[in-house]
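Undergrad: For reference, the file model.cif (mmCIF, N, CA and C atoms, pLDDT in the B column; chains and numbers go by the auth columns) is included below:
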```cif
data_start
loop_
_atom_site.group_PDB
_atom_site.id
_atom_site.type_symbol
_atom_site.label_atom_id
_atom_site.label_comp_id
_atom_site.label_asym_id
_atom_site.label_seq_id
_atom_site.Cartn_x
_atom_site.Cartn_y
_atom_site.Cartn_z
_atom_site.B_iso_or_equiv
_atom_site.auth_seq_id
_atom_site.auth_asym_id
ATOM 1 N N MET A 1 -179.547 127.840 0.359 50.00 1 A
ATOM 2 C CA MET A 1 -178.919 127.443 1.600 50.00 1 A
ATOM 3 C C MET A 1 -179.036 125.928 1.735 50.00 1 A
ATOM 4 N N SER A 2 -177.965 125.315 2.139 72.00 2 A
ATOM 5 C CA SER A 2 -177.952 123.869 2.317 72.00 2 A
ATOM 6 C C SER A 2 -177.955 123.545 3.801 72.00 2 A
ATOM 7 N N ASP A 3 -178.688 122.526 4.151 87.00 3 A
ATOM 8 C CA ASP A 3 -178.725 122.102 5.546 87.00 3 A
ATOM 9 C C ASP A 3 -177.685 121.007 5.829 87.00 3 A
ATOM 10 N N TYR A 4 -176.841 120.723 4.848 91.00 4 A
ATOM 11 C CA TYR A 4 -175.852 119.653 4.996 91.00 4 A
ATOM 12 C C TYR A 4 -174.913 119.910 6.179 91.00 4 A
ATOM 13 N N ALA A 5 -174.381 121.115 6.286 91.00 5 A
ATOM 14 C CA ALA A 5 -173.413 121.407 7.353 91.00 5 A
ATOM 15 C C ALA A 5 -174.045 121.233 8.730 91.00 5 A
ATOM 16 N N LEU A 6 -175.256 121.698 8.889 92.00 6 A
ATOM 17 C CA LEU A 6 -175.944 121.574 10.172 92.00 6 A
ATOM 18 C C LEU A 6 -176.173 120.106 10.521 92.00 6 A
ATOM 19 N N ASN A 7 -176.649 119.340 9.572 94.00 7 A
ATOM 20 C CA ASN A 7 -176.869 117.912 9.818 94.00 7 A
ATOM 21 C C ASN A 7 -175.559 117.179 10.051 94.00 7 A
ATOM 22 N N ARG A 8 -174.500 117.614 9.398 93.00 8 A
ATOM 23 C CA ARG A 8 -173.191 116.984 9.590 93.00 8 A
ATOM 24 C C ARG A 8 -172.691 117.210 11.025 93.00 8 A
ATOM 25 N N VAL A 9 -172.863 118.422 11.536 90.00 9 A
ATOM 26 C CA VAL A 9 -172.482 118.717 12.922 90.00 9 A
ATOM 27 C C VAL A 9 -173.256 117.800 13.868 90.00 9 A
ATOM 28 N N LEU A 10 -174.558 117.734 13.687 91.00 10 A
ATOM 29 C CA LEU A 10 -175.384 116.905 14.561 91.00 10 A
ATOM 30 C C LEU A 10 -175.006 115.425 14.437 91.00 10 A
ATOM 31 N N TYR A 11 -174.755 114.971 13.230 92.00 11 A
ATOM 32 C CA TYR A 11 -174.371 113.573 13.025 92.00 11 A
ATOM 33 C C TYR A 11 -173.050 113.254 13.726 92.00 11 A
ATOM 34 N N GLU A 12 -172.066 114.119 13.551 89.00 12 A
ATOM 35 C CA GLU A 12 -170.754 113.885 14.174 89.00 12 A
ATOM 36 C C GLU A 12 -170.873 113.861 15.694 89.00 12 A
ATOM 37 N N ARG A 13 -171.635 114.772 16.255 86.00 13 A
ATOM 38 C CA ARG A 13 -171.775 114.826 17.712 86.00 13 A
ATOM 39 C C ARG A 13 -172.551 113.629 18.224 86.00 13 A
ATOM 40 N N ALA A 14 -173.575 113.203 17.493 86.00 14 A
ATOM 41 C CA ALA A 14 -174.341 112.021 17.909 86.00 14 A
ATOM 42 C C ALA A 14 -173.462 110.779 17.839 86.00 14 A
ATOM 43 N N ARG A 15 -172.653 110.684 16.822 86.00 15 A
ATOM 44 C CA ARG A 15 -171.771 109.528 16.660 86.00 15 A
ATOM 45 C C ARG A 15 -170.724 109.466 17.770 86.00 15 A
ATOM 46 N N GLU A 16 -170.267 110.628 18.213 80.00 16 A
ATOM 47 C CA GLU A 16 -169.278 110.697 19.284 80.00 16 A
ATOM 48 C C GLU A 16 -169.921 110.667 20.666 80.00 16 A
ATOM 49 N N HIS A 17 -171.241 110.555 20.709 73.00 17 A
ATOM 50 C CA HIS A 17 -172.012 110.551 21.955 73.00 17 A
ATOM 51 C C HIS A 17 -171.802 111.832 22.751 73.00 17 A
ATOM 52 N N LYS A 18 -171.668 112.954 22.051 70.00 18 A
ATOM 53 C CA LYS A 18 -171.535 114.246 22.718 70.00 18 A
ATOM 54 C C LYS A 18 -172.899 114.924 22.761 70.00 18 A
ATOM 55 N N MET A 19 -173.202 115.451 23.901 68.00 19 A
ATOM 56 C CA MET A 19 -174.450 116.172 24.058 68.00 19 A
ATOM 57 C C MET A 19 -174.262 117.621 23.621 68.00 19 A
ATOM 58 N N ALA A 20 -175.337 118.318 23.494 64.00 20 A
ATOM 59 C CA ALA A 20 -175.309 119.704 23.022 64.00 20 A
ATOM 60 C C ALA A 20 -174.448 120.592 23.913 64.00 20 A
ATOM 61 N N GLU A 21 -174.405 120.300 25.206 65.00 21 A
ATOM 62 C CA GLU A 21 -173.630 121.119 26.128 65.00 21 A
ATOM 63 C C GLU A 21 -172.136 121.060 25.803 65.00 21 A
ATOM 64 N N ALA A 22 -171.705 120.011 25.131 62.00 22 A
ATOM 65 C CA ALA A 22 -170.288 119.831 24.828 62.00 22 A
ATOM 66 C C ALA A 22 -169.895 120.421 23.476 62.00 22 A
ATOM 67 N N ILE A 23 -170.827 121.030 22.785 71.00 23 A
ATOM 68 C CA ILE A 23 -170.528 121.599 21.473 71.00 23 A
ATOM 69 C C ILE A 23 -170.185 123.068 21.649 71.00 23 A
ATOM 70 N N GLY A 24 -168.947 123.401 21.342 70.00 24 A
ATOM 71 C CA GLY A 24 -168.507 124.782 21.454 70.00 24 A
ATOM 72 C C GLY A 24 -168.184 125.360 20.093 70.00 24 A
ATOM 73 N N PRO A 25 -167.970 126.666 20.038 71.00 25 A
ATOM 74 C CA PRO A 25 -167.684 127.304 18.753 71.00 25 A
ATOM 75 C C PRO A 25 -166.402 126.803 18.101 71.00 25 A
ATOM 76 N N ASP A 26 -165.432 126.398 18.903 72.00 26 A
ATOM 77 C CA ASP A 26 -164.182 125.885 18.331 72.00 26 A
ATOM 78 C C ASP A 26 -164.381 124.540 17.640 72.00 26 A
ATOM 79 N N GLU A 27 -165.307 123.748 18.160 72.00 27 A
ATOM 80 C CA GLU A 27 -165.551 122.426 17.594 72.00 27 A
ATOM 81 C C GLU A 27 -166.302 122.467 16.270 72.00 27 A
ATOM 82 N N VAL A 28 -167.053 123.528 16.033 74.00 28 A
ATOM 83 C CA VAL A 28 -167.836 123.610 14.794 74.00 28 A
ATOM 84 C C VAL A 28 -167.286 124.641 13.818 74.00 28 A
ATOM 85 N N ALA A 29 -166.107 125.162 14.094 78.00 29 A
ATOM 86 C CA ALA A 29 -165.514 126.181 13.232 78.00 29 A
ATOM 87 C C ALA A 29 -165.229 125.641 11.833 78.00 29 A
ATOM 88 N N GLU A 30 -164.953 124.346 11.730 85.00 30 A
ATOM 89 C CA GLU A 30 -164.633 123.755 10.430 85.00 30 A
ATOM 90 C C GLU A 30 -165.857 123.599 9.527 85.00 30 A
ATOM 91 N N TYR A 31 -167.045 123.671 10.101 86.00 31 A
ATOM 92 C CA TYR A 31 -168.270 123.539 9.324 86.00 31 A
ATOM 93 C C TYR A 31 -168.725 124.914 8.862 86.00 31 A
ATOM 94 N N ASP A 32 -169.375 124.956 7.740 86.00 32 A
ATOM 95 C CA ASP A 32 -169.824 126.223 7.162 86.00 32 A
ATOM 96 C C ASP A 32 -171.245 126.529 7.625 86.00 32 A
ATOM 97 N N LEU A 33 -171.378 126.854 8.919 88.00 33 A
ATOM 98 C CA LEU A 33 -172.688 127.167 9.480 88.00 33 A
ATOM 99 C C LEU A 33 -173.002 128.649 9.309 88.00 33 A
ATOM 100 N N THR A 34 -174.252 128.933 9.043 90.00 34 A
ATOM 101 C CA THR A 34 -174.685 130.324 8.993 90.00 34 A
ATOM 102 C C THR A 34 -174.827 130.823 10.433 90.00 34 A
ATOM 103 N N PRO A 35 -174.838 132.124 10.635 89.00 35 A
ATOM 104 C CA PRO A 35 -175.042 132.641 11.999 89.00 35 A
ATOM 105 C C PRO A 35 -176.360 132.158 12.614 89.00 35 A
ATOM 106 N N GLU A 36 -177.402 132.031 11.799 92.00 36 A
ATOM 107 C CA GLU A 36 -178.686 131.548 12.303 92.00 36 A
ATOM 108 C C GLU A 36 -178.604 130.082 12.743 92.00 36 A
ATOM 109 N N GLU A 37 -177.886 129.272 11.973 91.00 37 A
ATOM 110 C CA GLU A 37 -177.712 127.868 12.337 91.00 37 A
ATOM 111 C C GLU A 37 -176.903 127.734 13.620 91.00 37 A
ATOM 112 N N TRP A 38 -175.834 128.513 13.734 88.00 38 A
ATOM 113 C CA TRP A 38 -175.012 128.441 14.939 88.00 38 A
ATOM 114 C C TRP A 38 -175.799 128.899 16.158 88.00 38 A
ATOM 115 N N ALA A 39 -176.593 129.961 16.011 88.00 39 A
ATOM 116 C CA ALA A 39 -177.394 130.457 17.133 88.00 39 A
ATOM 117 C C ALA A 39 -178.407 129.404 17.575 88.00 39 A
ATOM 118 N N ALA A 40 -179.057 128.760 16.642 89.00 40 A
ATOM 119 C CA ALA A 40 -180.040 127.724 16.977 89.00 40 A
ATOM 120 C C ALA A 40 -179.359 126.544 17.674 89.00 40 A
ATOM 121 N N LEU A 41 -178.200 126.178 17.208 87.00 41 A
ATOM 122 C CA LEU A 41 -177.456 125.074 17.809 87.00 41 A
ATOM 123 C C LEU A 41 -176.976 125.439 19.207 87.00 41 A
ATOM 124 N N ALA A 42 -176.420 126.627 19.348 85.00 42 A
ATOM 125 C CA ALA A 42 -175.885 127.072 20.642 85.00 42 A
ATOM 126 C C ALA A 42 -176.986 127.264 21.681 85.00 42 A
ATOM 127 N N ASN A 43 -178.160 127.738 21.240 87.00 43 A
ATOM 128 C CA ASN A 43 -179.253 128.001 22.171 87.00 43 A
ATOM 129 C C ASN A 43 -180.158 126.789 22.394 87.00 43 A
ATOM 130 N N GLY A 44 -179.953 125.749 21.622 85.00 44 A
ATOM 131 C CA GLY A 44 -180.810 124.577 21.758 85.00 44 A
ATOM 132 C C GLY A 44 -182.225 124.851 21.297 85.00 44 A
ATOM 133 N N ASP A 45 -182.375 125.691 20.307 89.00 45 A
ATOM 134 C CA ASP A 45 -183.689 126.051 19.781 89.00 45 A
ATOM 135 C C ASP A 45 -184.151 124.967 18.809 89.00 45 A
ATOM 136 N N LEU A 46 -184.921 124.018 19.331 90.00 46 A
ATOM 137 C CA LEU A 46 -185.327 122.872 18.539 90.00 46 A
ATOM 138 C C LEU A 46 -186.194 123.263 17.352 90.00 46 A
ATOM 139 N N GLU A 47 -187.090 124.213 17.548 94.00 47 A
ATOM 140 C CA GLU A 47 -187.954 124.652 16.446 94.00 47 A
ATOM 141 C C GLU A 47 -187.142 125.271 15.324 94.00 47 A
ATOM 142 N N ALA A 48 -186.170 126.097 15.675 95.00 48 A
ATOM 143 C CA ALA A 48 -185.331 126.725 14.653 95.00 48 A
ATOM 144 C C ALA A 48 -184.474 125.689 13.944 95.00 48 A
ATOM 145 N N LEU A 49 -183.932 124.736 14.684 94.00 49 A
ATOM 146 C CA LEU A 49 -183.134 123.686 14.056 94.00 49 A
ATOM 147 C C LEU A 49 -183.965 122.906 13.049 94.00 49 A
ATOM 148 N N PHE A 50 -185.178 122.551 13.432 95.00 50 A
ATOM 149 C CA PHE A 50 -186.063 121.822 12.537 95.00 50 A
ATOM 150 C C PHE A 50 -186.412 122.666 11.310 95.00 50 A
ATOM 151 N N ARG A 51 -186.718 123.945 11.539 96.00 51 A
ATOM 152 C CA ARG A 51 -187.059 124.853 10.441 96.00 51 A
ATOM 153 C C ARG A 51 -185.882 125.036 9.489 96.00 51 A
ATOM 154 N N LEU A 52 -184.663 124.998 10.025 96.00 52 A
ATOM 155 C CA LEU A 52 -183.461 125.164 9.204 96.00 52 A
ATOM 156 C C LEU A 52 -183.080 123.885 8.457 96.00 52 A
ATOM 157 N N GLY A 53 -183.803 122.803 8.703 95.00 53 A
ATOM 158 C CA GLY A 53 -183.573 121.581 7.951 95.00 53 A
ATOM 159 C C GLY A 53 -182.823 120.486 8.676 95.00 53 A
ATOM 160 N N ALA A 54 -182.638 120.642 9.974 96.00 54 A
ATOM 161 C CA ALA A 54 -181.948 119.602 10.735 96.00 54 A
ATOM 162 C C ALA A 54 -182.826 118.359 10.826 96.00 54 A
ATOM 163 N N ASN A 55 -182.198 117.218 10.759 95.00 55 A
ATOM 164 C CA ASN A 55 -182.902 115.950 10.834 95.00 55 A
ATOM 165 C C ASN A 55 -183.442 115.755 12.251 95.00 55 A
ATOM 166 N N PRO A 56 -184.757 115.487 12.391 94.00 56 A
ATOM 167 C CA PRO A 56 -185.344 115.325 13.729 94.00 56 A
ATOM 168 C C PRO A 56 -184.686 114.213 14.557 94.00 56 A
ATOM 169 N N TYR A 57 -184.285 113.140 13.917 93.00 57 A
ATOM 170 C CA TYR A 57 -183.620 112.052 14.638 93.00 57 A
ATOM 171 C C TYR A 57 -182.297 112.521 15.227 93.00 57 A
ATOM 172 N N LEU A 58 -181.535 113.300 14.457 93.00 58 A
ATOM 173 C CA LEU A 58 -180.252 113.800 14.950 93.00 58 A
ATOM 174 C C LEU A 58 -180.451 114.836 16.047 93.00 58 A
ATOM 175 N N ILE A 59 -181.464 115.667 15.907 91.00 59 A
ATOM 176 C CA ILE A 59 -181.778 116.641 16.958 91.00 59 A
ATOM 177 C C ILE A 59 -182.048 115.892 18.259 91.00 59 A
ATOM 178 N N ARG A 60 -182.857 114.868 18.181 88.00 60 A
ATOM 179 C CA ARG A 60 -183.209 114.102 19.382 88.00 60 A
ATOM 180 C C ARG A 60 -181.996 113.436 20.011 88.00 60 A
ATOM 181 N N ARG A 61 -181.107 112.904 19.194 88.00 61 A
ATOM 182 C CA ARG A 61 -179.911 112.238 19.732 88.00 61 A
ATOM 183 C C ARG A 61 -178.989 113.212 20.447 88.00 61 A
ATOM 184 N N VAL A 62 -178.821 114.403 19.910 87.00 62 A
ATOM 185 C CA VAL A 62 -177.877 115.358 20.481 87.00 62 A
ATOM 186 C C VAL A 62 -178.476 116.099 21.677 87.00 62 A
ATOM 187 N N PHE A 63 -179.766 116.365 21.653 86.00 63 A
ATOM 188 C CA PHE A 63 -180.396 117.152 22.710 86.00 63 A
ATOM 189 C C PHE A 63 -181.218 116.306 23.675 86.00 63 A
ATOM 190 N N ARG A 64 -180.990 115.009 23.737 81.00 64 A
ATOM 191 C CA ARG A 64 -181.841 114.139 24.542 81.00 64 A
ATOM 192 C C ARG A 64 -181.767 114.412 26.041 81.00 64 A
ATOM 193 N N ARG A 65 -180.684 114.886 26.550 73.00 65 A
ATOM 194 C CA ARG A 65 -180.592 115.164 27.997 73.00 65 A
ATOM 195 C C ARG A 65 -181.186 116.512 28.361 73.00 65 A
ATOM 196 N N ARG A 66 -181.182 117.429 27.425 66.00 66 A
ATOM 197 C CA ARG A 66 -181.655 118.775 27.709 66.00 66 A
ATOM 198 C C ARG A 66 -183.180 118.870 27.641 66.00 66 A
ATOM 199 N N TYR A 67 -183.782 118.092 26.770 60.00 67 A
ATOM 200 C CA TYR A 67 -185.214 118.182 26.537 60.00 67 A
ATOM 201 C C TYR A 67 -185.852 116.804 26.609 60.00 67 A
ATOM 202 N N ALA A 68 -187.022 116.751 27.144 59.00 68 A
ATOM 203 C CA ALA A 68 -187.787 115.508 27.139 59.00 68 A
ATOM 204 C C ALA A 68 -188.529 115.445 25.818 59.00 68 A
ATOM 205 N N LEU A 69 -188.001 114.670 24.905 50.00 69 A
ATOM 206 C CA LEU A 69 -188.634 114.576 23.588 50.00 69 A
ATOM 207 C C LEU A 69 -189.452 113.333 23.517 50.00 69 A
#
```
Output the file's structure as C-alpha cells, nothing else.
TA:
Amino acid sequence: MSDYALNRVLYERAREHKMAEAIGPDEVAEYDLTPEEWAALANGDLEALFRLGANPYLIRRVFRRRYAL
C-alpha cells in the first residue's frame, strides 16, 4: 500500500487553503484512496491518518481549525 495518494490529497488541500470540512467525496474521487484512508480523512481521525502514512505537517495544515495541535 502506498501513502502517496493520501499525502497528495492533503498537499492539494493545504495548497488551496481548504480545511478538512471542505473536503468531500467528489473532490477526492480522482485519487486512489483505500476505504480506510477515506474514512480517516472524512472522520478527521488524526491517529489513523498518521498510522496510514500521512505526513504530520500536512495533517496539521489541513486540520488546524478542527484540532488544537
Undergrad: Can you tell me how far atom C of Leu41 of chain A sits from atom CA of Gly24 of chain A, in Å to one decimal?
TA: 8.8 Å
Undergrad: Please indicate the distance in Å from atom N of Arg64 of chain A to atom N of Arg13 of chain A, rounded to one decimal place.
TA: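 A separation of 12.0 Å between them.
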Undergrad: For a test of reading the model, state the distance in Å between atom C of His17 of chain A and atom N of Ser2 of chain A, rounded to one decimal.
TA: 25.4 Å
Undergrad: If you apply the PyMOL selection byres ((chain A and resi 3) around 8) to this file, what residues do you get, as a ChimeraX atom specification?
TA: /A:1-2,4-9,52-55
Undergrad: Under the PyMOL selection byres (((chain A and resi 37 and name CA) around 9) and name CA), which residues of this model are included? Write them out as a list in words.
TA: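 With the shown file as input, the PyMOL selection byres (((chain A and resi 37 and name CA) around 9) and name CA) matches Asp3, Leu6, Leu33, Thr34, Pro35, Glu36, Trp38, Ala39, Ala40, Leu41, Ala42, Ala48, Leu49 and Leu52 of chain A.
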Undergrad: Please identify all polymer residues within 7 Å of Ala14 of chain A, counting only C-alpha atoms, omitting same-chain residues fewer than 4 positions from it, and present them as a PyMOL selection string.
TA: chain A and resi 10+18+58+61-62
Undergrad: Out of chain A, which residues get helix (DSSP H, G or I) from DSSP, as number ranges by chain?
TA: A: 4-15, 20-22, 35-43, 46-51, 56-62
Undergrad: Restricting the calculation to only N, CA and C atoms: of A:Asp26, A:Asn43, A:Tyr31, A:Tyr11, which residue gets closest to Ile59 of chain A?
TA: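 Among the listed residues, the smallest separation from Ile59 of chain A belongs to A:Tyr11.
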Undergrad: Nearest to Phe63 of chain A among A:Glu16, A:Glu27, A:Asp32, A:Asp45, with distances taken over only C-alpha atoms: which residue is it?
TA: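 Nearest to Phe63 of chain A: A:Asp45.
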Undergrad: So for segment 2-7 of chain A, what box centre and size do we get, axis-aligned, 8 Å extra on each of the six sides, every listed atom, Å to one decimal, as lines of an AutoDock Vina configuration file?
TA:
```
center_x = -176.1
center_y = 121.2
center_z = 6.3
size_x = 21.3
size_y = 24.1
size_z = 24.4
```
